[in-house]
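Student: PDB, C-alpha atoms, pLDDT in the B column, saved as upload18.pdb, coming up:
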```
ATOM      1  CA  MET A   1      55.045-130.418 -14.238  1.00 44.00           C
ATOM      2  CA  THR A   2      52.488-132.497 -16.005  1.00 48.00           C
ATOM      3  CA  MET A   3      48.985-131.030 -16.084  1.00 51.00           C
ATOM      4  CA  LYS A   4      46.194-133.302 -14.979  1.00 52.00           C
ATOM      5  CA  GLY A   5      42.959-133.686 -16.861  1.00 47.00           C
ATOM      6  CA  SER A   6      39.993-131.885 -15.386  1.00 42.00           C
ATOM      7  CA  LYS A   7      37.974-135.114 -15.333  1.00 46.00           C
ATOM      8  CA  ASP A   8      40.456-136.581 -12.819  1.00 52.00           C
ATOM      9  CA  TRP A   9      40.144-134.062 -10.001  1.00 72.00           C
ATOM     10  CA  ILE A  10      38.623-130.652 -11.158  1.00 83.00           C
ATOM     11  CA  ARG A  11      35.186-130.319  -9.597  1.00 90.00           C
ATOM     12  CA  GLN A  12      32.516-127.637 -10.104  1.00 93.00           C
ATOM     13  CA  GLU A  13      33.158-126.158  -6.659  1.00 93.00           C
ATOM     14  CA  MET A  14      36.826-125.643  -7.544  1.00 92.00           C
ATOM     15  CA  VAL A  15      35.908-123.960 -10.827  1.00 93.00           C
ATOM     16  CA  ASP A  16      33.401-121.684  -9.086  1.00 93.00           C
ATOM     17  CA  GLN A  17      35.884-120.672  -6.385  1.00 93.00           C
ATOM     18  CA  ALA A  18      38.768-120.041  -8.804  1.00 92.00           C
ATOM     19  CA  ALA A  19      36.484-118.097 -11.188  1.00 92.00           C
ATOM     20  CA  ASP A  20      35.028-115.949  -8.414  1.00 93.00           C
ATOM     21  CA  GLU A  21      38.475-115.169  -7.035  1.00 93.00           C
ATOM     22  CA  TYR A  22      39.758-114.173 -10.496  1.00 93.00           C
ATOM     23  CA  VAL A  23      36.800-111.878 -11.137  1.00 92.00           C
ATOM     24  CA  ALA A  24      37.105-110.265  -7.737  1.00 92.00           C
ATOM     25  CA  ALA A  25      40.897-109.852  -7.980  1.00 92.00           C
ATOM     26  CA  ASN A  26      40.777-108.362 -11.513  1.00 92.00           C
ATOM     27  CA  ASN A  27      37.569-106.381 -11.012  1.00 91.00           C
ATOM     28  CA  CYS A  28      36.135-107.729 -14.242  1.00 91.00           C
ATOM     29  CA  GLU A  29      32.942-109.348 -15.491  1.00 90.00           C
ATOM     30  CA  PRO A  30      32.327-113.118 -15.658  1.00 89.00           C
ATOM     31  CA  ARG A  31      32.373-112.935 -19.441  1.00 87.00           C
ATOM     32  CA  ASP A  32      35.974-111.690 -19.288  1.00 88.00           C
ATOM     33  CA  LEU A  33      37.158-115.030 -17.802  1.00 88.00           C
ATOM     34  CA  THR A  34      37.714-117.737 -20.410  1.00 90.00           C
ATOM     35  CA  ALA A  35      38.022-121.494 -19.886  1.00 90.00           C
ATOM     36  CA  PHE A  36      41.539-121.326 -21.335  1.00 90.00           C
ATOM     37  CA  ARG A  37      42.647-118.731 -18.794  1.00 90.00           C
ATOM     38  CA  LEU A  38      41.003-120.634 -15.956  1.00 91.00           C
ATOM     39  CA  SER A  39      42.834-123.799 -17.067  1.00 92.00           C
ATOM     40  CA  LYS A  40      46.129-121.937 -16.571  1.00 91.00           C
ATOM     41  CA  ILE A  41      45.041-120.958 -13.078  1.00 91.00           C
ATOM     42  CA  LEU A  42      43.943-124.483 -12.153  1.00 91.00           C
ATOM     43  CA  GLY A  43      46.850-126.192 -13.930  1.00 89.00           C
ATOM     44  CA  CYS A  44      44.692-128.382 -16.162  1.00 90.00           C
ATOM     45  CA  HIS A  45      43.776-128.719 -19.800  1.00 86.00           C
ATOM     46  CA  ALA A  46      40.995-126.597 -21.287  1.00 86.00           C
ATOM     47  CA  ASN A  47      38.917-129.555 -22.457  1.00 89.00           C
ATOM     48  CA  LYS A  48      35.187-129.878 -22.935  1.00 89.00           C
ATOM     49  CA  ALA A  49      34.567-130.808 -19.301  1.00 90.00           C
ATOM     50  CA  LEU A  50      36.203-127.577 -18.141  1.00 91.00           C
ATOM     51  CA  TYR A  51      34.223-125.554 -20.698  1.00 92.00           C
ATOM     52  CA  ASP A  52      31.003-127.129 -19.368  1.00 92.00           C
ATOM     53  CA  LYS A  53      31.893-126.189 -15.776  1.00 92.00           C
ATOM     54  CA  VAL A  54      32.834-122.655 -16.765  1.00 92.00           C
ATOM     55  CA  ASN A  55      29.587-122.271 -18.743  1.00 92.00           C
ATOM     56  CA  ASP A  56      27.612-123.547 -15.750  1.00 92.00           C
ATOM     57  CA  TRP A  57      29.361-120.956 -13.580  1.00 93.00           C
ATOM     58  CA  ARG A  58      28.573-118.260 -16.164  1.00 91.00           C
ATOM     59  CA  ARG A  59      24.884-119.173 -16.244  1.00 91.00           C
ATOM     60  CA  ARG A  60      24.665-118.994 -12.472  1.00 91.00           C
ATOM     61  CA  ARG A  61      26.388-115.610 -12.561  1.00 87.00           C
ATOM     62  CA  GLY A  62      23.952-114.349 -15.191  1.00 83.00           C
ATOM     63  CA  GLU A  63      26.361-114.404 -18.137  1.00 70.00           C
ATOM     64  CA  ALA A  64      26.100-116.101 -21.521  1.00 59.00           C
ATOM     65  CA  ALA A  65      27.755-119.456 -22.010  1.00 58.00           C
ATOM     66  CA  GLU A  66      31.205-119.634 -23.549  1.00 55.00           C
ATOM     67  CA  GLU A  67      31.736-121.661 -26.669  1.00 52.00           C
ATOM     68  CA  ALA A  68      34.023-124.643 -26.283  1.00 50.00           C
ATOM     69  CA  GLY A  69      37.527-124.223 -27.625  1.00 51.00           C
ATOM     70  CA  VAL A  70      40.740-126.084 -28.045  1.00 52.00           C
ATOM     71  CA  ASP A  71      44.029-125.858 -26.208  1.00 52.00           C
ATOM     72  CA  LEU A  72      46.479-123.436 -27.784  1.00 54.00           C
ATOM     73  CA  PRO A  73      50.231-123.074 -27.360  1.00 61.00           C
ATOM     74  CA  ALA A  74      51.398-120.495 -24.856  1.00 57.00           C
ATOM     75  CA  GLY A  75      52.472-117.841 -27.394  1.00 68.00           C
ATOM     76  CA  VAL A  76      49.444-118.179 -29.680  1.00 65.00           C
ATOM     77  CA  GLU A  77      47.126-116.166 -27.452  1.00 65.00           C
ATOM     78  CA  VAL A  78      49.642-113.328 -27.191  1.00 72.00           C
ATOM     79  CA  ALA A  79      50.272-113.360 -30.935  1.00 78.00           C
ATOM     80  CA  PHE A  80      46.537-113.561 -31.623  1.00 72.00           C
ATOM     81  CA  LYS A  81      45.889-110.615 -29.325  1.00 75.00           C
ATOM     82  CA  ALA A  82      48.643-108.639 -31.046  1.00 82.00           C
ATOM     83  CA  TYR A  83      47.205-109.544 -34.422  1.00 81.00           C
ATOM     84  CA  MET A  84      43.725-108.557 -33.320  1.00 82.00           C
ATOM     85  CA  ASP A  85      45.077-105.307 -31.937  1.00 84.00           C
ATOM     86  CA  GLN A  86      46.748-104.626 -35.279  1.00 86.00           C
ATOM     87  CA  VAL A  87      43.565-105.537 -37.108  1.00 87.00           C
ATOM     88  CA  ALA A  88      41.631-103.256 -34.789  1.00 87.00           C
ATOM     89  CA  VAL A  89      44.075-100.422 -35.478  1.00 87.00           C
ATOM     90  CA  GLU A  90      43.876-100.921 -39.254  1.00 87.00           C
ATOM     91  CA  ALA A  91      40.102-101.274 -39.066  1.00 89.00           C
ATOM     92  CA  THR A  92      39.943 -98.080 -37.032  1.00 90.00           C
ATOM     93  CA  ARG A  93      42.145 -96.243 -39.510  1.00 89.00           C
ATOM     94  CA  SER A  94      40.077 -97.565 -42.402  1.00 89.00           C
ATOM     95  CA  PHE A  95      36.903 -96.602 -40.607  1.00 87.00           C
ATOM     96  CA  VAL A  96      38.247 -93.127 -39.920  1.00 90.00           C
ATOM     97  CA  ARG A  97      39.254 -92.694 -43.576  1.00 90.00           C
ATOM     98  CA  SER A  98      35.865 -93.946 -44.724  1.00 90.00           C
ATOM     99  CA  ALA A  99      34.130 -91.744 -42.186  1.00 88.00           C
ATOM    100  CA  ARG A 100      36.123 -88.737 -43.369  1.00 88.00           C
ATOM    101  CA  GLU A 101      35.337 -89.512 -47.008  1.00 90.00           C
ATOM    102  CA  VAL A 102      31.662 -89.969 -46.208  1.00 90.00           C
ATOM    103  CA  ALA A 103      31.682 -86.819 -44.117  1.00 89.00           C
ATOM    104  CA  GLY A 104      33.371 -84.933 -46.971  1.00 89.00           C
ATOM    105  CA  ALA A 105      30.835 -86.252 -49.457  1.00 91.00           C
ATOM    106  CA  ILE A 106      27.998 -85.352 -47.121  1.00 92.00           C
ATOM    107  CA  ASP A 107      29.504 -81.917 -46.571  1.00 85.00           C
ATOM    108  CA  ARG A 108      29.875 -81.314 -50.312  1.00 90.00           C
ATOM    109  CA  ALA A 109      26.333 -82.512 -50.965  1.00 92.00           C
ATOM    110  CA  ALA A 110      25.072 -80.316 -48.138  1.00 91.00           C
ATOM    111  CA  ASN A 111      26.973 -77.317 -49.532  1.00 91.00           C
ATOM    112  CA  LEU A 112      25.507 -77.934 -52.982  1.00 89.00           C
ATOM    113  CA  ARG A 113      22.019 -78.213 -51.551  1.00 90.00           C
ATOM    114  CA  VAL A 114      22.526 -75.077 -49.487  1.00 91.00           C
ATOM    115  CA  SER A 115      23.850 -73.198 -52.544  1.00 88.00           C
ATOM    116  CA  HIS A 116      20.931 -74.423 -54.613  1.00 86.00           C
ATOM    117  CA  ALA A 117      18.486 -73.415 -51.870  1.00 91.00           C
ATOM    118  CA  GLU A 118      20.095 -69.975 -51.558  1.00 90.00           C
ATOM    119  CA  ARG A 119      19.969 -69.507 -55.345  1.00 89.00           C
ATOM    120  CA  ARG A 120      16.324 -70.523 -55.394  1.00 89.00           C
ATOM    121  CA  GLN A 121      15.651 -68.151 -52.518  1.00 90.00           C
ATOM    122  CA  ARG A 122      17.294 -65.295 -54.405  1.00 89.00           C
ATOM    123  CA  ASP A 123      15.303 -66.132 -57.527  1.00 89.00           C
ATOM    124  CA  SER A 124      12.110 -66.299 -55.482  1.00 87.00           C
ATOM    125  CA  GLU A 125      12.861 -62.962 -53.840  1.00 89.00           C
ATOM    126  CA  SER A 126      13.540 -61.411 -57.253  1.00 87.00           C
ATOM    127  CA  GLU A 127      10.331 -62.844 -58.686  1.00 87.00           C
ATOM    128  CA  PHE A 128       8.413 -61.653 -55.649  1.00 87.00           C
ATOM    129  CA  ALA A 129       9.844 -58.160 -56.045  1.00 90.00           C
ATOM    130  CA  GLU A 130       8.860 -58.139 -59.727  1.00 88.00           C
ATOM    131  CA  LEU A 131       5.359 -59.345 -58.896  1.00 86.00           C
ATOM    132  CA  LEU A 132       5.063 -56.698 -56.198  1.00 87.00           C
ATOM    133  CA  GLN A 133       6.148 -53.987 -58.625  1.00 89.00           C
ATOM    134  CA  ALA A 134       3.700 -55.282 -61.258  1.00 88.00           C
ATOM    135  CA  LEU A 135       0.955 -55.279 -58.639  1.00 86.00           C
ATOM    136  CA  GLU A 136       1.724 -51.699 -57.669  1.00 87.00           C
ATOM    137  CA  GLU A 137       1.693 -50.676 -61.354  1.00 88.00           C
ATOM    138  CA  ALA A 138      -1.621 -52.473 -61.813  1.00 87.00           C
ATOM    139  CA  HIS A 139      -3.054 -50.604 -58.808  1.00 83.00           C
ATOM    140  CA  GLY A 140      -1.859 -47.342 -60.371  1.00 87.00           C
ATOM    141  CA  GLU A 141      -3.475 -48.219 -63.705  1.00 86.00           C
ATOM    142  CA  ILE A 142      -6.693 -49.160 -61.908  1.00 87.00           C
ATOM    143  CA  ASP A 143      -6.715 -45.783 -60.160  1.00 86.00           C
ATOM    144  CA  GLU A 144      -6.171 -44.027 -63.499  1.00 86.00           C
ATOM    145  CA  LEU A 145      -8.951 -46.076 -65.096  1.00 84.00           C
ATOM    146  CA  GLN A 146     -11.275 -45.205 -62.242  1.00 86.00           C
ATOM    147  CA  VAL A 147     -10.518 -41.511 -62.759  1.00 88.00           C
ATOM    148  CA  SER A 148     -11.146 -41.925 -66.502  1.00 85.00           C
ATOM    149  CA  VAL A 149     -14.393 -43.762 -65.833  1.00 86.00           C
ATOM    150  CA  GLU A 150     -15.575 -41.016 -63.503  1.00 88.00           C
ATOM    151  CA  ALA A 151     -14.676 -38.387 -66.133  1.00 89.00           C
ATOM    152  CA  MET A 152     -16.513 -40.382 -68.820  1.00 88.00           C
ATOM    153  CA  LYS A 153     -19.549 -40.681 -66.547  1.00 90.00           C
ATOM    154  CA  GLU A 154     -19.532 -36.917 -65.998  1.00 87.00           C
ATOM    155  CA  ALA A 155     -19.130 -36.280 -69.743  1.00 89.00           C
ATOM    156  CA  LEU A 156     -21.972 -38.700 -70.502  1.00 87.00           C
ATOM    157  CA  ALA A 157     -24.212 -36.988 -67.957  1.00 91.00           C
ATOM    158  CA  GLU A 158     -23.369 -33.580 -69.452  1.00 90.00           C
ATOM    159  CA  ALA A 159     -24.115 -34.902 -72.971  1.00 89.00           C
ATOM    160  CA  GLN A 160     -27.432 -36.282 -71.721  1.00 89.00           C
ATOM    161  CA  ARG A 161     -28.312 -32.909 -70.234  1.00 91.00           C
ATOM    162  CA  ARG A 162     -27.418 -31.153 -73.494  1.00 89.00           C
ATOM    163  CA  GLU A 163     -29.486 -33.654 -75.441  1.00 89.00           C
ATOM    164  CA  ASP A 164     -32.443 -33.030 -73.138  1.00 89.00           C
ATOM    165  CA  ARG A 165     -32.080 -29.259 -73.604  1.00 90.00           C
ATOM    166  CA  LEU A 166     -31.849 -29.634 -77.390  1.00 91.00           C
ATOM    167  CA  LEU A 167     -34.886 -31.900 -77.477  1.00 89.00           C
ATOM    168  CA  GLY A 168     -36.812 -29.339 -75.409  1.00 88.00           C
ATOM    169  CA  ARG A 169     -35.819 -26.551 -77.766  1.00 88.00           C
ATOM    170  CA  LEU A 170     -36.755 -28.702 -80.764  1.00 88.00           C
ATOM    171  CA  ASP A 171     -40.197 -29.385 -79.328  1.00 87.00           C
ATOM    172  CA  GLN A 172     -40.638 -25.653 -78.668  1.00 89.00           C
ATOM    173  CA  CYS A 173     -39.580 -24.767 -82.227  1.00 87.00           C
ATOM    174  CA  GLN A 174     -42.022 -27.294 -83.665  1.00 87.00           C
ATOM    175  CA  VAL A 175     -44.850 -25.787 -81.620  1.00 87.00           C
ATOM    176  CA  GLU A 176     -43.903 -22.234 -82.730  1.00 84.00           C
ATOM    177  CA  LEU A 177     -43.700 -23.308 -86.363  1.00 86.00           C
ATOM    178  CA  ALA A 178     -47.115 -24.939 -86.135  1.00 85.00           C
ATOM    179  CA  ASN A 179     -48.604 -21.769 -84.595  1.00 84.00           C
ATOM    180  CA  LEU A 180     -46.859 -19.551 -87.179  1.00 82.00           C
ATOM    181  CA  GLY A 181     -48.143 -21.652 -90.118  1.00 71.00           C
ATOM    182  CA  SER A 182     -51.761 -21.562 -89.000  1.00 71.00           C
ATOM    183  CA  LYS A 183     -51.568 -17.785 -88.389  1.00 66.00           C
ATOM    184  CA  SER A 184     -50.055 -17.047 -91.856  1.00 62.00           C
ATOM    185  CA  ALA A 185     -52.726 -19.032 -93.679  1.00 58.00           C
ATOM    186  CA  ALA A 186     -55.483 -17.147 -91.896  1.00 62.00           C
ATOM    187  CA  ASP A 187     -53.846 -13.791 -92.724  1.00 64.00           C
ATOM    188  CA  VAL A 188     -53.611 -14.645 -96.451  1.00 55.00           C
ATOM    189  CA  VAL A 189     -57.265 -15.651 -96.662  1.00 59.00           C
ATOM    190  CA  ALA A 190     -58.362 -12.467 -94.906  1.00 64.00           C
ATOM    191  CA  ALA A 191     -56.243 -10.265 -97.182  1.00 57.00           C
ATOM    192  CA  THR A 192     -57.631 -11.931-100.305  1.00 58.00           C
ATOM    193  CA  LYS A 193     -61.202 -11.325 -99.244  1.00 59.00           C
ATOM    194  CA  ALA A 194     -60.515  -7.623 -98.506  1.00 57.00           C
ATOM    195  CA  VAL A 195     -59.114  -6.706-101.983  1.00 50.00           C
ATOM    196  CA  ALA A 196     -61.806  -5.715-104.786  1.00 49.00           C
ATOM    197  CA  PRO A 197     -61.369  -7.262-108.274  1.00 52.00           C
ATOM    198  CA  VAL A 198     -59.940  -4.822-110.973  1.00 50.00           C
ATOM    199  CA  PRO A 199     -61.251  -5.202-114.598  1.00 54.00           C
ATOM    200  CA  LEU A 200     -58.546  -6.025-117.097  1.00 47.00           C
ATOM    201  CA  PRO A 201     -58.116  -3.669-120.188  1.00 52.00           C
ATOM    202  CA  GLN A 202     -59.173  -4.796-123.717  1.00 51.00           C
ATOM    203  CA  VAL A 203     -55.681  -5.482-124.848  1.00 45.00           C
ATOM    204  CA  GLU A 204     -56.395  -7.830-127.732  1.00 51.00           C
ATOM    205  CA  SER A 205     -59.007  -5.608-129.656  1.00 51.00           C
ATOM    206  CA  THR A 206     -56.955  -2.440-129.429  1.00 51.00           C
ATOM    207  CA  GLN A 207     -53.839  -4.216-130.686  1.00 55.00           C
ATOM    208  CA  ALA A 208     -55.708  -5.656-133.714  1.00 55.00           C
ATOM    209  CA  ALA A 209     -57.035  -2.216-134.803  1.00 54.00           C
ATOM    210  CA  THR A 210     -53.605  -0.698-134.585  1.00 54.00           C
ATOM    211  CA  GLU A 211     -52.080  -3.434-136.738  1.00 55.00           C
ATOM    212  CA  THR A 212     -54.792  -2.935-139.446  1.00 55.00           C
ATOM    213  CA  GLN A 213     -54.137   0.759-139.643  1.00 54.00           C
ATOM    214  CA  LEU A 214     -50.426   0.275-140.027  1.00 48.00           C
ATOM    215  CA  THR A 215     -50.918  -2.210-142.863  1.00 53.00           C
ATOM    216  CA  MET A 216     -53.117   0.184-144.810  1.00 53.00           C
ATOM    217  CA  ARG A 217     -50.535   2.914-144.582  1.00 50.00           C
ATOM    218  CA  ILE A 218     -47.638   0.808-145.693  1.00 47.00           C
ATOM    219  CA  GLU A 219     -49.115  -0.971-148.753  1.00 51.00           C
ATOM    220  CA  PRO A 220     -48.789   1.142-152.041  1.00 52.00           C
ATOM    221  CA  PRO A 221     -51.632   1.556-154.568  1.00 52.00           C
ATOM    222  CA  GLU A 222     -51.849  -0.933-157.402  1.00 54.00           C
ATOM    223  CA  ASP A 223     -51.294   1.673-160.294  1.00 53.00           C
ATOM    224  CA  ASP A 224     -48.152   3.072-158.793  1.00 51.00           C
ATOM    225  CA  PRO A 225     -45.359   2.557-161.386  1.00 52.00           C
ATOM    226  CA  SER A 226     -42.755   2.184-158.770  1.00 46.00           C
TER     227      SER A 226
END
```
Could I get this structure in the form of C-alpha coordinates?

Tutor:
Amino acid sequence: MTMKGSKDWIRQEMVDQAADEYVAANNCEPRDLTAFRLSKILGCHANKALYDKVNDWRRRRGEAAEEAGVDLPAGVEVAFKAYMDQVAVEATRSFVRSAREVAGAIDRAANLRVSHAERRQRDSESEFAELLQALEEAHGEIDELQVSVEAMKEALAEAQRREDRLLGRLDQCQVELANLGSKSAADVVAATKAVAPVPLPQVESTQAATETQLTMRIEPPEDDPS
(Lines of atoms letter the chains of each structure in order from A and count residues from 1; the text may use other names and numbers.)
(Lines give C-alpha, C1' and ligand atoms only; values in the text may rest on other atoms or scores of the structure.)
Protein backbone atom coordinates (compact mmCIF):
# COMPACT_ATOMS: atom_id res chain seq x y z
CA MET A 1 0.00 0.00 0.00
CA THR A 2 1.36 3.32 -1.05
CA MET A 3 1.21 6.04 1.60
CA LYS A 4 -0.32 9.32 0.55
CA GLY A 5 1.21 12.67 1.32
CA SER A 6 -0.41 14.59 4.14
CA LYS A 7 -0.89 17.62 1.88
CA ASP A 8 -3.25 15.56 -0.31
CA TRP A 9 -5.90 14.61 2.23
CA ILE A 10 -4.64 14.92 5.92
CA ARG A 11 -6.50 17.80 7.55
CA GLN A 12 -6.06 19.35 11.01
CA GLU A 13 -9.31 17.82 12.26
CA MET A 14 -8.04 14.35 11.36
CA VAL A 15 -4.75 14.97 13.15
CA ASP A 16 -6.55 16.26 16.25
CA GLN A 17 -8.92 13.29 16.36
CA ALA A 18 -6.20 10.67 15.81
CA ALA A 19 -3.90 12.35 18.38
CA ASP A 20 -6.64 12.60 21.00
CA GLU A 21 -7.62 8.97 20.50
CA TYR A 22 -3.99 7.83 20.84
CA VAL A 23 -3.47 9.80 24.04
CA ALA A 24 -6.70 8.54 25.54
CA ALA A 25 -6.07 4.92 24.52
CA ASN A 26 -2.46 4.90 25.84
CA ASN A 27 -3.12 7.09 28.87
CA CYS A 28 -0.15 9.28 28.04
CA GLU A 29 0.67 12.96 27.67
CA PRO A 30 0.50 14.91 24.39
CA ARG A 31 4.27 15.24 24.42
CA ASP A 32 4.55 11.44 24.25
CA LEU A 33 2.95 11.39 20.76
CA THR A 34 5.39 12.15 17.96
CA ALA A 35 4.63 13.17 14.37
CA PHE A 36 6.42 10.02 13.19
CA ARG A 37 4.19 7.76 15.27
CA LEU A 38 1.08 9.64 14.20
CA SER A 39 2.12 9.22 10.55
CA LYS A 40 2.08 5.45 11.08
CA ILE A 41 -1.42 5.69 12.51
CA LEU A 42 -2.70 7.88 9.67
CA GLY A 43 -0.78 6.01 6.95
CA CYS A 44 1.07 9.06 5.64
CA HIS A 45 4.57 10.45 5.54
CA ALA A 46 5.93 12.43 8.49
CA ASN A 47 6.68 15.56 6.47
CA LYS A 48 6.77 19.18 7.52
CA ALA A 49 3.04 19.67 7.00
CA LEU A 50 2.28 16.85 9.44
CA TYR A 51 4.78 18.25 11.97
CA ASP A 52 3.03 21.64 11.73
CA LYS A 53 -0.38 20.06 12.40
CA VAL A 54 0.95 18.03 15.30
CA ASN A 55 2.63 21.12 16.79
CA ASP A 56 -0.62 23.06 16.43
CA TRP A 57 -2.42 20.25 18.26
CA ARG A 58 0.27 20.31 20.97
CA ARG A 59 -0.07 24.06 21.48
CA ARG A 60 -3.83 23.76 21.85
CA ARG A 61 -3.33 20.95 24.36
CA GLY A 62 -0.86 23.05 26.34
CA GLU A 63 2.30 21.18 25.31
CA ALA A 64 5.51 22.43 23.71
CA ALA A 65 5.90 22.17 19.97
CA GLU A 66 7.75 19.22 18.49
CA GLU A 67 10.75 19.83 16.31
CA ALA A 68 10.37 18.75 12.71
CA GLY A 69 12.07 15.51 11.76
CA VAL A 70 12.66 13.26 8.84
CA ASP A 71 11.16 9.92 7.90
CA LEU A 72 13.14 6.96 9.20
CA PRO A 73 13.10 3.31 8.17
CA ALA A 74 10.92 1.01 10.22
CA GLY A 75 13.73 -0.65 12.20
CA VAL A 76 15.69 2.54 12.93
CA GLU A 77 13.40 3.69 15.73
CA VAL A 78 13.59 0.31 17.45
CA ALA A 79 17.36 0.17 17.06
CA PHE A 80 17.67 3.78 18.23
CA LYS A 81 15.55 3.04 21.28
CA ALA A 82 17.66 -0.02 22.04
CA TYR A 83 20.81 2.03 21.62
CA MET A 84 19.45 4.76 23.85
CA ASP A 85 18.45 2.18 26.42
CA GLN A 86 21.98 0.77 26.33
CA VAL A 87 23.42 4.26 26.60
CA ALA A 88 21.10 4.95 29.50
CA VAL A 89 22.22 1.74 31.21
CA GLU A 90 25.92 2.54 30.70
CA ALA A 91 25.34 6.14 31.77
CA THR A 92 23.54 4.90 34.86
CA ARG A 93 26.35 2.48 35.68
CA SER A 94 28.92 5.21 35.11
CA PHE A 95 26.91 7.59 37.23
CA VAL A 96 26.61 5.01 39.99
CA ARG A 97 30.36 4.34 39.90
CA SER A 98 31.09 8.06 39.95
CA ALA A 99 28.56 8.58 42.72
CA ARG A 100 30.15 5.78 44.74
CA GLU A 101 33.63 7.21 44.19
CA VAL A 102 32.45 10.68 45.14
CA ALA A 103 30.61 9.28 48.13
CA GLY A 104 33.74 7.37 49.17
CA ALA A 105 35.87 10.48 48.80
CA ILE A 106 33.34 12.50 50.75
CA ASP A 107 33.19 9.80 53.41
CA ARG A 108 36.98 9.68 53.71
CA ALA A 109 37.21 13.46 53.88
CA ALA A 110 34.44 13.50 56.48
CA ASN A 111 36.22 10.82 58.52
CA LEU A 112 39.46 12.80 58.37
CA ARG A 113 37.69 15.96 59.44
CA VAL A 114 35.92 14.12 62.24
CA SER A 115 39.21 12.57 63.39
CA HIS A 116 40.90 15.95 63.26
CA ALA A 117 38.02 17.53 65.19
CA GLU A 118 38.11 14.76 67.80
CA ARG A 119 41.89 15.15 68.16
CA ARG A 120 41.52 18.89 68.56
CA GLN A 121 38.77 18.32 71.10
CA ARG A 122 41.01 15.99 73.09
CA ASP A 123 43.86 18.49 72.94
CA SER A 124 41.51 21.27 74.03
CA GLU A 125 40.20 19.18 76.91
CA SER A 126 43.76 18.38 77.99
CA GLU A 127 44.77 22.03 77.79
CA PHE A 128 41.66 23.03 79.70
CA ALA A 129 42.45 20.48 82.41
CA GLU A 130 46.01 21.81 82.67
CA LEU A 131 44.76 25.39 82.86
CA LEU A 132 42.25 24.39 85.52
CA GLN A 133 44.96 22.69 87.56
CA ALA A 134 47.24 25.73 87.17
CA LEU A 135 44.38 27.96 88.27
CA GLU A 136 43.75 25.84 91.35
CA GLU A 137 47.48 25.93 92.19
CA ALA A 138 47.49 29.70 91.72
CA HIS A 139 44.51 30.00 94.08
CA GLY A 140 46.41 27.89 96.62
CA GLU A 141 49.50 30.09 96.29
CA ILE A 142 47.34 33.20 96.66
CA ASP A 143 45.85 31.79 99.87
CA GLU A 144 49.35 31.04 101.19
CA LEU A 145 50.52 34.54 100.25
CA GLN A 146 47.52 36.04 102.01
CA VAL A 147 48.38 34.06 105.15
CA SER A 148 52.00 35.23 104.87
CA VAL A 149 50.90 38.82 104.38
CA GLU A 150 48.67 38.65 107.45
CA ALA A 151 51.56 37.17 109.47
CA MET A 152 53.90 39.90 108.21
CA LYS A 153 51.34 42.56 109.12
CA GLU A 154 51.07 41.11 112.63
CA ALA A 155 54.87 40.94 112.95
CA LEU A 156 55.18 44.54 111.72
CA ALA A 157 52.56 45.70 114.22
CA GLU A 158 54.37 43.85 117.03
CA ALA A 159 57.70 45.43 115.96
CA GLN A 160 56.04 48.85 115.94
CA ARG A 161 54.72 48.27 119.44
CA ARG A 162 58.17 47.19 120.64
CA GLU A 163 59.73 50.23 119.01
CA ASP A 164 57.20 52.47 120.76
CA ARG A 165 57.98 50.83 124.11
CA LEU A 166 61.73 51.19 123.55
CA LEU A 167 61.36 54.83 122.56
CA GLY A 168 59.31 55.44 125.72
CA ARG A 169 61.95 53.79 127.87
CA LEU A 170 64.68 55.78 126.11
CA ASP A 171 62.87 59.04 126.79
CA GLN A 172 62.45 58.02 130.44
CA CYS A 173 66.15 57.14 130.76
CA GLN A 174 67.16 60.48 129.27
CA VAL A 175 64.96 62.31 131.77
CA GLU A 176 66.42 60.28 134.69
CA LEU A 177 69.96 60.90 133.50
CA ALA A 178 69.29 64.62 133.25
CA ASN A 179 67.85 64.67 136.79
CA LEU A 180 70.75 62.55 138.13
CA GLY A 181 73.39 64.84 136.55
CA SER A 182 71.94 68.03 138.00
CA LYS A 183 71.63 66.41 141.46
CA SER A 184 75.27 65.14 141.47
CA ALA A 185 76.68 68.54 140.55
CA ALA A 186 74.78 70.20 143.38
CA ASP A 187 76.00 67.57 145.87
CA VAL A 188 79.66 68.09 144.86
CA VAL A 189 79.45 71.86 145.27
CA ALA A 190 77.83 71.52 148.69
CA ALA A 191 80.46 69.03 149.88
CA THR A 192 83.30 71.28 148.74
CA LYS A 193 81.95 74.24 150.65
CA ALA A 194 81.55 72.18 153.86
CA VAL A 195 85.21 70.95 154.09
CA ALA A 196 87.80 73.41 155.90
CA PRO A 197 91.20 73.97 154.19
CA VAL A 198 94.19 72.07 155.84
CA PRO A 199 97.64 73.84 155.86
CA LEU A 200 100.31 71.93 154.01
CA PRO A 201 103.60 71.03 155.94
CA GLN A 202 106.92 72.83 155.17
CA VAL A 203 108.32 69.98 153.21
CA GLU A 204 110.95 71.82 151.20
CA SER A 205 112.77 73.65 154.16
CA THR A 206 112.97 70.58 156.36
CA GLN A 207 114.39 68.49 153.52
CA ALA A 208 117.11 71.09 152.77
CA ALA A 209 118.32 71.20 156.42
CA THR A 210 118.54 67.45 156.57
CA GLU A 211 120.62 67.28 153.40
CA THR A 212 123.09 69.92 154.77
CA GLN A 213 123.61 68.00 157.96
CA LEU A 214 124.31 64.79 156.13
CA THR A 215 126.90 66.47 153.91
CA MET A 216 128.80 67.86 156.88
CA ARG A 217 129.02 64.46 158.47
CA ILE A 218 130.24 62.67 155.41
CA GLU A 219 133.01 65.04 154.20
CA PRO A 220 136.46 64.35 155.94
CA PRO A 221 138.73 67.12 157.29
CA GLU A 222 141.34 68.55 154.96
CA ASP A 223 144.45 67.43 157.08
CA ASP A 224 143.37 63.84 157.28
CA PRO A 225 146.17 61.75 155.69
CA SER A 226 143.79 59.17 154.47

Student: Check the smallest atom-to-atom distance from each of A:Arg58, A:Lys53, A:Arg122, A:Lys48 to Asp32 of chain A using all atoms listed in the file, then report the winner.

Tutor: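 Using all atoms listed in the file, Asp32 of chain A sits closest to A:Arg58.
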
Student: Measure the distance from atom CA of Asn55 of chain A to atom CA of Tyr22 of chain A in Å and round it to one decimal.

Tutor: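 Taking atom CA of Asn55 of chain A and atom CA of Tyr22 of chain A, their separation equals 15.4 Å.
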
Student: Identify which of the residues A:Cys173, A:Val15, A:Val54, A:Leu145 lies closest to Leu42 of chain A, counting all atoms listed in the file when measuring atom-to-atom distances.

Tutor: A:Val15

Student: Figure out the distance between atom CA of Val147 of chain A and atom CA of Arg162 of chain A, please, to one decimal in Å.

Tutor: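 That distance, rounded to one decimal, is 22.5 Å.
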